[in-house]
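protein39.pdb, holding PDB, C-alpha atoms and all ligand atoms:
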```pdb
MODEL        1
ATOM      1  CA  MET A 261       4.048  15.869  -4.760
ATOM      2  CA  ALA A 262       2.036  16.417  -7.969
ATOM      3  CA  GLU A 263       4.831  18.682  -9.194
ATOM      4  CA  LEU A 264       7.509  16.158  -8.357
ATOM      5  CA  THR A 265       5.565  13.337  -9.994
ATOM      6  CA  LYS A 266       5.067  15.381 -13.150
ATOM      7  CA  GLU A 267       8.697  16.352 -13.253
ATOM      8  CA  LEU A 268       9.936  12.832 -12.703
ATOM      9  CA  SER A 269       7.607  11.443 -15.339
ATOM     10  CA  GLN A 270       9.407  13.672 -17.792
ATOM     11  CA  VAL A 271      12.936  12.899 -16.733
ATOM     12  CA  ALA A 272      12.654   9.264 -15.575
ATOM     13  CA  PRO A 273      14.078   6.841 -18.115
ATOM     14  CA  GLN A 274      11.541   4.304 -19.354
ATOM     15  CA  THR A 275      12.317   0.739 -20.208
ATOM     16  CA  SER A 276      11.126  -0.766 -23.472
ATOM     17  CA  GLU A 277       8.632  -2.849 -21.426
ATOM     18  CA  THR A 278       6.976   0.181 -19.875
ATOM     19  CA  GLN A 279       6.822   1.816 -23.274
ATOM     20  CA  ASN A 280       4.968  -1.249 -24.567
ATOM     21  CA  HIS A 281       2.474  -0.955 -21.748
ATOM     22  CA  GLU A 282       2.010   2.703 -22.519
ATOM     23  CA  THR A 283       0.384   1.828 -25.798
ATOM     24  CA  GLN A 284      -2.177  -0.343 -23.959
ATOM     25  CA  ASN A 285      -3.053   1.894 -21.027
ATOM     26  CA  PRO A 286      -2.819   5.674 -20.848
ATOM     27  CA  LYS A 287      -1.582   5.549 -17.240
ATOM     28  CA  ALA A 288       1.277   3.199 -18.081
ATOM     29  CA  GLY A 289       4.718   4.715 -17.779
ATOM     30  CA  THR A 290       3.814   7.422 -15.242
ATOM     31  CA  PRO A 291       5.419   7.165 -11.762
ATOM     32  CA  THR A 292       3.680   5.244  -8.974
ATOM     33  CA  VAL A 293       6.469   5.025  -6.402
ATOM     34  CA  ILE A 294       9.347   7.424  -5.868
ATOM     35  CA  VAL A 295      11.980   6.381  -3.374
ATOM     36  CA  ASP A 296      14.276   9.283  -2.607
ATOM     37  CA  ASP A 297      17.535   8.693  -0.703
ATOM     38  CA  LEU A 298      15.776   6.327   1.701
ATOM     39  CA  HIS A 299      17.449   5.263   4.935
ATOM     40  CA  ILE A 300      15.821   2.807   7.346
ATOM     41  CA  VAL A 301      17.339   2.224  10.766
ATOM     42  CA  TYR A 302      16.085  -0.358  13.253
ATOM     43  CA  LYS A 303      16.671   0.265  16.919
ATOM     44  CA  VAL A 304      17.336  -2.988  18.712
ATOM     45  CA  TYR A 305      17.064  -2.975  22.472
ATOM     46  CA  GLY A 306      18.708  -5.636  24.557
ATOM     47  CA  SER A 307      21.827  -6.057  22.449
ATOM     48  CA  ALA A 308      24.800  -6.515  24.672
ATOM     49  CA  GLY A 309      28.440  -6.316  23.736
ATOM     50  CA  ASP A 310      30.085  -9.474  22.421
ATOM     51  CA  ALA A 311      31.660 -10.236  25.744
ATOM     52  CA  GLU A 312      28.300 -10.043  27.504
ATOM     53  CA  LYS A 313      26.080 -12.095  25.272
ATOM     54  CA  GLY A 314      22.977 -13.483  27.018
ATOM     55  CA  ASN A 315      24.261 -15.686  29.833
ATOM     56  CA  ALA A 316      23.149 -15.676  33.455
ATOM     57  CA  ALA A 317      26.440 -14.211  34.705
ATOM     58  CA  SER A 318      26.197 -11.178  32.431
ATOM     59  CA  ALA A 319      22.544 -10.637  33.417
ATOM     60  CA  LEU A 320      23.597 -10.713  37.094
ATOM     61  CA  MET A 321      26.458  -8.297  36.398
ATOM     62  CA  ARG A 322      24.025  -5.890  34.750
ATOM     63  CA  ILE A 323      21.768  -6.022  37.804
ATOM     64  CA  LEU A 324      24.719  -5.441  40.139
ATOM     65  CA  ARG A 325      25.928  -2.540  37.994
ATOM     66  CA  ARG A 326      22.340  -1.217  38.088
ATOM     67  CA  GLN A 327      22.124  -1.193  34.313
ATOM     68  CA  GLY A 328      18.355  -1.564  34.146
ATOM     69  CA  ARG A 329      18.345  -2.143  30.439
ATOM     70  CA  PRO A 330      21.090  -3.357  28.117
ATOM     71  CA  GLN A 331      22.395  -1.015  25.440
ATOM     72  CA  MET A 332      20.483  -0.060  22.358
ATOM     73  CA  LYS A 333      22.004  -0.925  19.001
ATOM     74  CA  GLU A 334      21.122   0.484  15.608
ATOM     75  CA  VAL A 335      20.854  -1.617  12.450
ATOM     76  CA  HIS A 336      21.137   0.516   9.330
ATOM     77  CA  ALA A 337      19.185  -1.805   7.001
ATOM     78  CA  VAL A 338      18.577   0.493   3.980
ATOM     79  CA  LYS A 339      21.250   3.044   3.118
ATOM     80  CA  GLY A 340      20.387   5.781   0.659
ATOM     81  CA  VAL A 341      18.211   3.909  -1.850
ATOM     82  CA  SER A 342      16.628   5.931  -4.693
ATOM     83  CA  PHE A 343      14.568   4.854  -7.705
ATOM     84  CA  VAL A 344      11.318   5.580  -9.534
ATOM     85  CA  ALA A 345       8.721   2.884 -10.343
ATOM     86  CA  HIS A 346       6.102   3.363 -13.040
ATOM     87  CA  HIS A 347       2.612   2.119 -13.765
ATOM     88  CA  GLY A 348       2.967  -1.223 -15.503
ATOM     89  CA  ASP A 349       6.347  -2.067 -13.926
ATOM     90  CA  ALA A 350       7.034  -5.423 -12.267
ATOM     91  CA  ILE A 351      10.210  -4.880 -10.290
ATOM     92  CA  GLY A 352      12.144  -7.786  -8.835
ATOM     93  CA  ILE A 353      14.244  -7.131  -5.745
ATOM     94  CA  ILE A 354      17.136  -9.513  -5.250
ATOM     95  CA  GLY A 355      20.063  -9.727  -2.852
ATOM     96  CA  ARG A 356      21.704 -11.997  -0.316
ATOM     97  CA  ASN A 357      20.112 -12.697   3.089
ATOM     98  CA  GLY A 358      19.951  -9.562   5.174
ATOM     99  CA  SER A 359      20.586  -7.186   2.255
ATOM    100  CA  GLY A 360      17.442  -5.162   3.070
ATOM    101  CA  LYS A 361      14.849  -6.490   0.584
ATOM    102  CA  SER A 362      11.978  -7.036   3.035
ATOM    103  CA  THR A 363      12.814  -3.813   4.839
ATOM    104  CA  LEU A 364      12.584  -1.872   1.568
ATOM    105  CA  LEU A 365       9.183  -3.434   0.762
ATOM    106  CA  ARG A 366       7.849  -2.652   4.225
ATOM    107  CA  ALA A 367       9.039   0.933   3.902
ATOM    108  CA  ILE A 368       7.268   1.305   0.539
ATOM    109  CA  ALA A 369       4.125  -0.123   2.179
ATOM    110  CA  GLY A 370       4.377   2.656   4.772
ATOM    111  CA  LEU A 371       5.014   0.241   7.651
ATOM    112  CA  LEU A 372       8.449   1.606   8.558
ATOM    113  CA  PRO A 373       9.204   5.309   8.997
ATOM    114  CA  PRO A 374      12.216   6.615   7.044
ATOM    115  CA  HIS A 375      15.186   7.616   9.183
ATOM    116  CA  LYS A 376      16.144   9.926   6.330
ATOM    117  CA  GLY A 377      14.809  10.481   2.818
ATOM    118  CA  ALA A 378      11.259   9.721   1.684
ATOM    119  CA  VAL A 379       8.921   7.371  -0.146
ATOM    120  CA  TYR A 380       6.170   8.908  -2.281
ATOM    121  CA  THR A 381       3.411   6.667  -3.606
ATOM    122  CA  ASN A 382       0.664   7.443  -6.037
ATOM    123  CA  GLY A 383      -2.110   5.066  -4.952
ATOM    124  CA  GLN A 384      -2.488   2.618  -2.097
ATOM    125  CA  PRO A 385       0.371   0.129  -1.640
ATOM    126  CA  SER A 386      -0.620  -3.350  -0.413
ATOM    127  CA  LEU A 387       1.909  -5.705   1.089
ATOM    128  CA  LEU A 388       1.411  -9.402   0.510
ATOM    129  CA  GLY A 389       3.838 -11.381   2.601
ATOM    130  CA  VAL A 390       4.170 -14.946   3.754
ATOM    131  CA  ASN A 391       3.193 -13.610   7.159
ATOM    132  CA  ALA A 392       0.311 -11.440   5.968
ATOM    133  CA  ALA A 393      -2.301 -11.226   8.667
ATOM    134  CA  LEU A 394      -4.791 -13.977   8.054
ATOM    135  CA  MET A 395      -6.222 -15.637  11.150
ATOM    136  CA  LYS A 396      -5.097 -19.219  11.617
ATOM    137  CA  GLU A 397      -7.976 -20.251  13.864
ATOM    138  CA  LEU A 398     -10.581 -19.202  11.292
ATOM    139  CA  THR A 399     -11.595 -21.232   8.241
ATOM    140  CA  GLY A 400     -10.331 -20.386   4.756
ATOM    141  CA  GLU A 401     -13.856 -19.183   3.944
ATOM    142  CA  ARG A 402     -13.913 -16.698   6.845
ATOM    143  CA  ASN A 403     -10.430 -15.507   5.967
ATOM    144  CA  ILE A 404     -11.417 -14.907   2.356
ATOM    145  CA  ILE A 405     -14.380 -12.804   3.444
ATOM    146  CA  LEU A 406     -12.422 -10.848   6.066
ATOM    147  CA  GLY A 407      -9.415 -10.421   3.769
ATOM    148  CA  CYS A 408     -11.604  -9.036   0.979
ATOM    149  CA  TYR A 409     -13.318  -6.618   3.362
ATOM    150  CA  ALA A 410      -9.930  -5.545   4.673
ATOM    151  CA  MET A 411      -8.949  -4.664   1.095
ATOM    152  CA  GLY A 412     -12.023  -2.453   0.855
ATOM    153  CA  MET A 413     -14.238  -4.712  -1.264
ATOM    154  CA  THR A 414     -18.036  -4.475  -0.896
ATOM    155  CA  PRO A 415     -20.176  -7.517   0.112
ATOM    156  CA  SER A 416     -21.383  -7.952  -3.464
ATOM    157  CA  GLU A 417     -17.799  -7.811  -4.790
ATOM    158  CA  VAL A 418     -16.818 -10.466  -2.234
ATOM    159  CA  ARG A 419     -19.697 -12.719  -3.353
ATOM    160  CA  GLU A 420     -18.703 -12.207  -6.947
ATOM    161  CA  LYS A 421     -15.024 -13.049  -6.351
ATOM    162  CA  TYR A 422     -15.390 -15.814  -3.746
ATOM    163  CA  ASP A 423     -15.480 -18.855  -6.065
ATOM    164  CA  GLU A 424     -12.663 -17.482  -8.177
ATOM    165  CA  ILE A 425     -10.458 -17.057  -5.085
ATOM    166  CA  VAL A 426     -11.110 -20.637  -3.886
ATOM    167  CA  ASP A 427     -10.521 -21.943  -7.369
ATOM    168  CA  PHE A 428      -7.301 -19.988  -7.877
ATOM    169  CA  SER A 429      -5.887 -21.056  -4.495
ATOM    170  CA  GLY A 430      -6.479 -24.726  -5.313
ATOM    171  CA  ILE A 431      -7.254 -25.523  -1.649
ATOM    172  CA  GLY A 432     -10.557 -27.251  -2.569
ATOM    173  CA  ASP A 433     -12.591 -28.578   0.377
ATOM    174  CA  PHE A 434      -9.967 -27.305   2.837
ATOM    175  CA  VAL A 435     -11.684 -23.933   2.528
ATOM    176  CA  GLN A 436     -14.099 -25.196   5.223
ATOM    177  CA  PHE A 437     -11.248 -26.007   7.646
ATOM    178  CA  PRO A 438      -9.292 -23.677   9.915
ATOM    179  CA  MET A 439      -6.114 -22.312   8.337
ATOM    180  CA  SER A 440      -4.125 -23.902  11.168
ATOM    181  CA  THR A 441      -4.675 -27.221   9.342
ATOM    182  CA  TYR A 442      -3.120 -25.939   6.084
ATOM    183  CA  SER A 443       0.375 -26.664   4.844
ATOM    184  CA  SER A 444       2.550 -23.558   4.443
ATOM    185  CA  GLY A 445       2.129 -23.818   0.653
ATOM    186  CA  MET A 446      -1.672 -23.894   0.944
ATOM    187  CA  GLY A 447      -1.622 -20.855   3.231
ATOM    188  CA  ALA A 448       0.647 -18.937   0.855
ATOM    189  CA  ARG A 449      -1.557 -19.826  -2.134
ATOM    190  CA  LEU A 450      -4.688 -18.659  -0.345
ATOM    191  CA  ARG A 451      -3.002 -15.380   0.652
ATOM    192  CA  PHE A 452      -1.921 -14.751  -2.914
ATOM    193  CA  ALA A 453      -5.399 -15.639  -4.236
ATOM    194  CA  ILE A 454      -7.087 -13.218  -1.816
ATOM    195  CA  SER A 455      -4.654 -10.353  -2.333
ATOM    196  CA  SER A 456      -4.651 -10.596  -6.094
ATOM    197  CA  ALA A 457      -8.464 -10.766  -6.355
ATOM    198  CA  LYS A 458      -8.384  -6.988  -6.357
ATOM    199  CA  THR A 459      -6.388  -4.826  -8.718
ATOM    200  CA  HIS A 460      -3.863  -2.912  -6.677
ATOM    201  CA  ASP A 461      -2.168   0.335  -7.579
ATOM    202  CA  VAL A 462       1.003  -0.982  -5.978
ATOM    203  CA  LEU A 463       1.261  -4.630  -4.927
ATOM    204  CA  LEU A 464       4.269  -5.684  -2.856
ATOM    205  CA  ILE A 465       4.906  -9.426  -2.791
ATOM    206  CA  ASP A 466       7.464 -10.827  -0.361
ATOM    207  CA  GLU A 467       8.458 -14.416  -1.158
ATOM    208  CA  ALA A 468       4.811 -15.434  -1.475
ATOM    209  CA  LEU A 469       5.437 -17.432  -4.619
ATOM    210  CA  ALA A 470       8.216 -19.466  -3.043
ATOM    211  CA  THR A 471       6.021 -22.182  -1.609
ATOM    212  CA  GLY A 472       3.700 -22.883  -4.532
ATOM    213  CA  ASP A 473       4.150 -25.759  -6.984
ATOM    214  CA  ARG A 474       4.893 -25.287 -10.701
ATOM    215  CA  ASP A 475       1.270 -24.911 -11.784
ATOM    216  CA  PHE A 476       0.593 -22.343  -9.098
ATOM    217  CA  LYS A 477       3.712 -20.386 -10.047
ATOM    218  CA  LYS A 478       2.515 -20.270 -13.626
ATOM    219  CA  LYS A 479      -0.952 -19.089 -12.602
ATOM    220  CA  SER A 480       0.437 -16.437 -10.273
ATOM    221  CA  GLN A 481       2.860 -15.149 -12.895
ATOM    222  CA  GLN A 482      -0.073 -14.855 -15.280
ATOM    223  CA  ARG A 483      -1.962 -12.859 -12.675
ATOM    224  CA  ILE A 484       0.980 -10.523 -12.066
ATOM    225  CA  LYS A 485       1.085  -9.936 -15.798
ATOM    226  CA  GLN A 486      -2.638  -9.044 -15.780
ATOM    227  CA  MET A 487      -1.983  -6.538 -12.995
ATOM    228  CA  ARG A 488       0.803  -4.961 -15.006
ATOM    229  CA  ASP A 489      -1.472  -4.778 -18.025
ATOM    230  CA  ALA A 490      -4.039  -3.011 -15.839
ATOM    231  CA  ALA A 491      -1.196  -0.560 -15.148
ATOM    232  CA  GLY A 492      -0.582  -1.552 -11.557
ATOM    233  CA  THR A 493       2.957  -1.742 -10.202
ATOM    234  CA  VAL A 494       4.210  -4.985  -8.722
ATOM    235  CA  PHE A 495       7.290  -5.397  -6.513
ATOM    236  CA  LEU A 496       8.474  -8.942  -6.048
ATOM    237  CA  VAL A 497      11.047 -10.202  -3.557
ATOM    238  CA  ALA A 498      12.114 -13.748  -4.334
ATOM    239  CA  HIS A 499      15.149 -15.925  -3.863
ATOM    240  CA  ASN A 500      14.051 -17.961  -6.869
ATOM    241  CA  LEU A 501      15.710 -16.021  -9.687
ATOM    242  CA  ASP A 502      13.767 -17.846 -12.423
ATOM    243  CA  VAL A 503      10.530 -16.376 -11.050
ATOM    244  CA  ILE A 504      12.102 -12.913 -11.145
ATOM    245  CA  GLU A 505      13.412 -13.342 -14.673
ATOM    246  CA  GLU A 506      10.092 -14.629 -16.017
ATOM    247  CA  THR A 507       7.898 -12.097 -14.221
ATOM    248  CA  CYS A 508       9.757  -8.796 -13.996
ATOM    249  CA  ASN A 509      10.747  -6.123 -16.477
ATOM    250  CA  ARG A 510      13.240  -4.521 -14.049
ATOM    251  CA  VAL A 511      15.460  -5.815 -11.284
ATOM    252  CA  ILE A 512      17.006  -4.007  -8.328
ATOM    253  CA  TRP A 513      19.953  -5.770  -6.708
ATOM    254  CA  LEU A 514      20.425  -4.772  -3.072
ATOM    255  CA  HIS A 515      23.732  -5.365  -1.345
ATOM    256  CA  LYS A 516      24.204  -4.471   2.320
ATOM    257  CA  GLY A 517      21.338  -1.989   2.137
ATOM    258  CA  LYS A 518      22.486  -0.202  -1.032
ATOM    259  CA  ILE A 519      21.557  -0.597  -4.685
ATOM    260  CA  ARG A 520      24.424  -2.479  -6.305
ATOM    261  CA  MET A 521      22.886  -2.643  -9.765
ATOM    262  CA  GLU A 522      19.547  -1.896 -11.371
ATOM    263  CA  GLY A 523      18.004  -2.433 -14.797
ATOM    264  CA  ASP A 524      17.294  -5.159 -17.334
ATOM    265  CA  PRO A 525      16.591  -8.514 -15.559
ATOM    266  CA  GLN A 526      18.952 -10.574 -17.705
ATOM    267  CA  GLU A 527      21.886  -8.208 -17.234
ATOM    268  CA  VAL A 528      21.390  -7.774 -13.490
ATOM    269  CA  LEU A 529      20.825 -11.485 -12.864
ATOM    270  CA  GLU A 530      23.916 -12.376 -14.861
ATOM    271  CA  ALA A 531      26.053  -9.993 -12.817
ATOM    272  CA  TYR A 532      24.440 -11.226  -9.588
ATOM    273  CA  ASN A 533      25.143 -14.864 -10.435
ATOM    274  CA  LYS A 534      28.795 -14.063 -11.147
ATOM    275  CA  ALA A 535      29.285 -12.134  -7.889
TER     276      ALA A 535
HETATM  277  N1  LIG A 601      12.680  -5.959  13.066
HETATM  278  C1  LIG A 601      13.997  -5.828  12.952
HETATM  279  N2  LIG A 601      14.732  -5.349  13.976
HETATM  280  C2  LIG A 601      16.048  -5.196  13.881
HETATM  281  N3  LIG A 601      16.771  -5.508  12.777
HETATM  282  C3  LIG A 601      16.102  -6.006  11.733
HETATM  283  C4  LIG A 601      14.687  -6.199  11.758
HETATM  284  N4  LIG A 601      14.292  -6.704  10.551
HETATM  285  C5  LIG A 601      15.418  -6.817   9.820
HETATM  286  N5  LIG A 601      16.510  -6.403  10.521
HETATM  287  C6  LIG A 601      17.899  -6.348  10.047
HETATM  288  O1  LIG A 601      17.930  -5.520   8.898
HETATM  289  C7  LIG A 601      18.789  -6.065   7.905
HETATM  290  C8  LIG A 601      18.000  -6.294   6.623
HETATM  291  O2  LIG A 601      17.017  -7.308   6.870
HETATM  292  P1  LIG A 601      15.916  -7.720   5.783
HETATM  293  O3  LIG A 601      14.987  -8.702   6.430
HETATM  294  O4  LIG A 601      15.326  -6.491   5.204
HETATM  295  O5  LIG A 601      16.809  -8.435   4.678
HETATM  296  P2  LIG A 601      16.370  -9.371   3.485
HETATM  297  O6  LIG A 601      17.245  -9.014   2.339
HETATM  298  O7  LIG A 601      14.899  -9.332   3.271
HETATM  299  O8  LIG A 601      16.815 -10.798   4.068
HETATM  300  P3  LIG A 601      16.284 -12.287   3.719
HETATM  301  O9  LIG A 601      16.683 -12.585   2.316
HETATM  302  O10 LIG A 601      17.040 -13.133   4.704
HETATM  303  O11 LIG A 601      14.801 -12.313   3.950
HETATM  304  C9  LIG A 601      19.381  -7.324   8.511
HETATM  305  O12 LIG A 601      20.633  -6.995   9.062
HETATM  306  C10 LIG A 601      18.401  -7.712   9.607
HETATM  307  O13 LIG A 601      19.072  -8.366  10.646
ENDMDL
END
```
I'd like the structure from this file rewritten - as structure tokens, please.
Amino acid sequence: MAELTKELSQVAPQTSETQNHETQNPKAGTPTVIVDDLHIVYKVYGSAGDAEKGNAASALMRILRRQGRPQMKEVHAVKGVSFVAHHGDAIGIIGRNGSGKSTLLRAIAGLLPPHKGAVYTNGQPSLLGVNAALMKELTGERNIILGCYAMGMTPSEVREKYDEIVDFSGIGDFVQFPMSTYSSGMGARLRFAISSAKTHDVLLIDEALATGDRDFKKKSQQRIKQMRDAAGTVFLVAHNLDVIEETCNRVIWLHKGKIRMEGDPQEVLEAYNKA
């Protein structure tokens, strides 16, 4: 892996943005994530043929035919994706519904095994999603503490960061209430505030900025910029293309599980909007 990383750092093209970061941080510009001909296949059990879709008659027929379990179907969600991400990169992933964006993020986070190919990461990837595992029945306060511990922070680091997290999330007195009483925007803001309280080597953000208001978007973009300056790598999936354009220095456009285009945000977004 060390060999491959070294080799790729020499051959991988660098964008002007990453070169700028290189002057600020010695780590900037070296690879953090290498995705090599990645294929992800979901196996879906219970998918029947079109003619047999979920009605009582087809269930009865299956029982009579002694087909204990309906067929298994495969969904090939990511098909041969390859790229290299560097320290200091903020990479936007765009594409239509079902193009494989969330699947790619989950594979980089190590949550889905590759069917073929590989993902190499230098550092610990952390996935921040709208469904990230905070506990709804616990108060915001408890979730902040547990979330920080789960990210490996020490008790004194949690104490130090606590007020900043509450402040950043903007949830105010709601911090004393269970998260089940929060609006989806409040929950998303708290998740982002907790996850970004720590500098991550690789932070994967799936649509988490979609529910915030304008002020929160501004604050979170600022924080992503700080992470890039600290030479972390940020991946951002968002349907809001303005957020991608303002935050990212590279964009990957996925189409039906394959990379359709990759590179400068303006160029890729222009082509995407025309498609
Ligand atoms: N757990 C799963 N089991 C089976 N198939 C899945 C699963 N998750 C996603 N898929 C399928 O994989 C493909 C890619 O889905 P994915 O959620 O990665 O796309 P996406 O680009 O993030 O979509 P969206 O923009 O709607 O969130 C789709 O065809 C989807 O139906």
Selection near A:Val344, 8 Å with all atoms listed in the file, sequence-local residues under 3 positions removed, as a list in words: Ala272, Pro291, Thr292, Val293, Ile294 and Val295 of chain A
One number please: atom C7 of ligand LIG 601 (chain A) to atom CA of A:Ile465, in Å, one decimal. 17.8 Å
Surroundings of ligand LIG 601 (chain A) up to 6 Å, based on all atoms listed in the file, as a PyMOL selection string: chain A and resi 302+304+335+337+355-363
Residues selected by the PyMOL selection byres (((chain A and resi 403) around 12) and not hetatm), written as a PyMOL selection string: chain A and resi 392-402+404-411+418+422+425-426+435-440+447+450-451+453-455
The PyMOL selection byres (((chain A and resi 510-522) around 10) and not hetatm) - which residues does that actually catch in the file I just gave you? List them as an NGL selection string. :A and (275 or 277-278 or 298-300 or 336-343 or 345 or 349-361 or 363-364 or 495-497 or 504-505 or 507-509 or 523-529 or 531-532)
